[in-house]
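What follows is a short report on a single structure.
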Amino acid sequence: TLEFSRRRPTEAIGMMVPNARHLTNLGNKYESYIKEINGGSTLIDNIQLDKNFGHLVGFIIGDGWIDKRRGKPVKVVFSTIYDEVLAGVKQELENIRKDGHVNLYQRPHDGSFGESKTYAYGSTPAAKLLYPLIGHGAANKHLPEFWFTSPRDFKIGLLSGLIDSDGTIAISKGKTRPQLMVAYSSISLRLVQEIQHLLQTLGVSSKITFSKITSANNKSWILRSEERRVGKECRSR
């Protein structure tokens with residue numbers, strides 16, 4: 001069931017899933033992702049799995065979603081309060097269009113999670129492209145199925161986009177020397193477990209713990225890492 005639970009060793013026989021500590025990096029096996037959109041698409045024919053596209057996907061996973069009409073994806077929607085992040089995401093959306101033109105419009109933000117601004121991009125091809133890569137609904141968010149065999153640059157961009165959205169970076173002074181602490185929280189246990197594996201392919205260790213029950217009565221999980229390499233990898237973007 002992939003449910004997170006605590007069990008004594010005698011109770012865990014036959015029900016546990018191995019947690020890999022060292023993962024071989026299979027990056028560069030696939031250099032590009034060919035979109036599967038039929039006819040009249042405004043997107044480029046071959047989208048490279050680079051840092052920019054990785055950041056776009058990671059950011060939409062964290063702070064975005066796909067609006068649907070009559071069951072079909074029609075809009076890419078995301079929230080941010082940072083102008084530099086907004087400009088970066090807009091540029092990344094422009095990079096995958098043939099004409100390089102993206103028109104974002106701001107729409108009312110419900111304010112349920114604090115101060116923010118919500119933007120929408122009405123593009124059915126872009127919505128169809130991103131929809132299967134991110135999951136539908138906060139509890140069902142996940143990384144793209146091809147992330148494990150994607151190039152290293154795509155993985156770094158993916159991680160950077162995740163941190164730019166639902167991530168937190170702080171200085172921990174609990175030890176002898178101050179350390180950079182990176183955290184990511186989500187109600188999707190699958191997502192935080194996949195991020196943990198993503199970090200492992202980049203040589204970074206982390207831990208997942210239960211965080212809280214949200215106001216919507218969902219379990220929330222938090223992933224933490226105190227390794228300097230996380231910040232270094234993201235800054236290299």
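By convention here, the chains of the structure tokens are called A, B, ... in the order presented, each chain's residues are numbered starting at 1, and ligands are numbered starting at 1 in the order presented.
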Extract, using only C-alpha atoms, all DNA, RNA and protein residues at most 12 Å from Ser41 of chain A, discarding same-chain residues fewer than 5 positions from it, and format them as an MDAnalysis selection string. chainID A and resid 35:36 46 96:99 123:129
Given the choices A:Ala216, A:Val182, A:Leu202, A:Ala139, which gets closest to Asp164 of chain A if the distance is worked out from only C-alpha atoms?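 Ranked by minimum distance to Asp164 of chain A, first place goes to A:Val182.
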Residues of segment 72-96 of chain A that have any atom at most 12 Å from an atom of segment 157-161 of chain A: could you tabulate them with the shortest-distance atom pair and the distance in Å to one decimal, using only C-alpha atoms, ordered by chain and increasing number, as JSON lines?
```
{"residue": "A:Thr80", "atom": "CA", "partner": "A:Gly161", "partner_atom": "CA", "distance": 11.9}
{"residue": "A:Val85", "atom": "CA", "partner": "A:Gly161", "partner_atom": "CA", "distance": 9.4}
{"residue": "A:Leu86", "atom": "CA", "partner": "A:Gly161", "partner_atom": "CA", "distance": 11.8}
{"residue": "A:Gly88", "atom": "CA", "partner": "A:Gly161", "partner_atom": "CA", "distance": 10.2}
{"residue": "A:Val89", "atom": "CA", "partner": "A:Gly161", "partner_atom": "CA", "distance": 9.3}
{"residue": "A:Glu92", "atom": "CA", "partner": "A:Gly161", "partner_atom": "CA", "distance": 11.3}
```
Could you write those residues out with C-alpha atoms, as an mmCIF file, in the first residue's frame?
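Contents of selection11.cif, as written:
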```cif
data_model
loop_
_atom_site.group_PDB
_atom_site.id
_atom_site.type_symbol
_atom_site.label_atom_id
_atom_site.label_comp_id
_atom_site.auth_asym_id
_atom_site.auth_seq_id
_atom_site.Cartn_x
_atom_site.Cartn_y
_atom_site.Cartn_z
ATOM 1 C CA THR A 80 4.306 32.871 -6.118
ATOM 2 C CA VAL A 85 10.550 33.403 -9.707
ATOM 3 C CA LEU A 86 7.608 34.648 -11.781
ATOM 4 C CA GLY A 88 11.899 32.631 -14.482
ATOM 5 C CA VAL A 89 8.797 30.457 -14.831
ATOM 6 C CA GLU A 92 10.713 28.609 -19.067
#
```
Nearby residues (only C-alpha atoms) at most 9 Å from Val57 of chain A, same-chain spacing under 2 positions excluded, as a VMD selection string: chain A and resid 52 to 55 59 to 62 130 133 to 134 143 to 144 157 to 158 161 to 162
Residues as selected, N, CA and C atoms, written as a PDB file, in the first residue's frame, can you do that?
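Writing the result to part.pdb gives the following:
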```pdb
ATOM      1  N   ASN A  52      16.433  24.192 -17.104  1.00  0.00           N
ATOM      2  CA  ASN A  52      15.279  25.086 -17.200  1.00  0.00           C
ATOM      3  C   ASN A  52      13.964  24.320 -17.210  1.00  0.00           C
ATOM      4  N   PHE A  53      13.888  23.270 -18.030  1.00  0.00           N
ATOM      5  CA  PHE A  53      12.651  22.494 -18.065  1.00  0.00           C
ATOM      6  C   PHE A  53      12.460  21.744 -16.751  1.00  0.00           C
ATOM      7  N   GLY A  54      13.557  21.286 -16.145  1.00  0.00           N
ATOM      8  CA  GLY A  54      13.472  20.638 -14.840  1.00  0.00           C
ATOM      9  C   GLY A  54      12.905  21.583 -13.791  1.00  0.00           C
ATOM     10  N   HIS A  55      13.381  22.830 -13.797  1.00  0.00           N
ATOM     11  CA  HIS A  55      12.882  23.816 -12.832  1.00  0.00           C
ATOM     12  C   HIS A  55      11.399  24.077 -13.045  1.00  0.00           C
ATOM     13  N   PHE A  59       8.733  23.291 -10.158  1.00  0.00           N
ATOM     14  CA  PHE A  59       7.971  24.393  -9.578  1.00  0.00           C
ATOM     15  C   PHE A  59       6.467  24.149  -9.686  1.00  0.00           C
ATOM     16  N   ILE A  60       6.011  23.645 -10.838  1.00  0.00           N
ATOM     17  CA  ILE A  60       4.583  23.377 -11.005  1.00  0.00           C
ATOM     18  C   ILE A  60       4.139  22.238 -10.084  1.00  0.00           C
ATOM     19  N   ILE A  61       5.023  21.271  -9.841  1.00  0.00           N
ATOM     20  CA  ILE A  61       4.696  20.213  -8.880  1.00  0.00           C
ATOM     21  C   ILE A  61       4.445  20.827  -7.503  1.00  0.00           C
ATOM     22  N   GLY A  62       5.317  21.748  -7.099  1.00  0.00           N
ATOM     23  CA  GLY A  62       5.236  22.315  -5.754  1.00  0.00           C
ATOM     24  C   GLY A  62       4.135  23.340  -5.567  1.00  0.00           C
ATOM     25  N   LEU A 130       2.190  19.030 -19.255  1.00  0.00           N
ATOM     26  CA  LEU A 130       2.602  18.996 -17.862  1.00  0.00           C
ATOM     27  C   LEU A 130       1.710  18.118 -16.989  1.00  0.00           C
ATOM     28  N   LEU A 133       2.925  14.755 -15.875  1.00  0.00           N
ATOM     29  CA  LEU A 133       4.249  14.798 -15.255  1.00  0.00           C
ATOM     30  C   LEU A 133       4.209  15.141 -13.777  1.00  0.00           C
ATOM     31  N   ILE A 134       3.088  15.704 -13.293  1.00  0.00           N
ATOM     32  CA  ILE A 134       3.069  16.253 -11.931  1.00  0.00           C
ATOM     33  C   ILE A 134       2.044  15.605 -11.010  1.00  0.00           C
ATOM     34  N   LEU A 143       6.853  13.052  -8.973  1.00  0.00           N
ATOM     35  CA  LEU A 143       7.845  13.439  -9.978  1.00  0.00           C
ATOM     36  C   LEU A 143       7.508  12.759 -11.302  1.00  0.00           C
ATOM     37  N   PRO A 144       8.029  13.285 -12.421  1.00  0.00           N
ATOM     38  CA  PRO A 144       7.801  12.618 -13.715  1.00  0.00           C
ATOM     39  C   PRO A 144       8.325  11.192 -13.676  1.00  0.00           C
ATOM     40  N   GLY A 157      17.687  20.934 -11.879  1.00  0.00           N
ATOM     41  CA  GLY A 157      16.620  21.897 -12.122  1.00  0.00           C
ATOM     42  C   GLY A 157      15.336  21.499 -11.416  1.00  0.00           C
ATOM     43  N   LEU A 158      15.016  20.207 -11.446  1.00  0.00           N
ATOM     44  CA  LEU A 158      13.819  19.688 -10.784  1.00  0.00           C
ATOM     45  C   LEU A 158      13.870  19.992  -9.292  1.00  0.00           C
ATOM     46  N   GLY A 161      13.405  23.744  -8.650  1.00  0.00           N
ATOM     47  CA  GLY A 161      12.015  24.166  -8.761  1.00  0.00           C
ATOM     48  C   GLY A 161      11.181  23.743  -7.562  1.00  0.00           C
ATOM     49  N   LEU A 162      11.424  22.548  -7.052  1.00  0.00           N
ATOM     50  CA  LEU A 162      10.713  22.069  -5.868  1.00  0.00           C
ATOM     51  C   LEU A 162      10.997  22.960  -4.659  1.00  0.00           C
TER      52      LEU A 162
END
```
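Nearest to Gly135 of chain A of all the residues A:Lys155, A:Lys90, A:His101, A:Arg190 is A:Arg190, counting only C-alpha atoms.
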Write out as a PyMOL selection string the set of residues from segment 66-108 of chain A that DSSP, computed on the backbone, places in alpha helix (DSSP H). chain A and resi 83-95
Distance atom CA of Glu226 of chain A-atom CA of Gln179 of chain A, one decimal place? 6.4 Å
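The coordinates place atom CA of Ser211 of chain A at 29.3 Å from atom CA of Pro108 of chain A.
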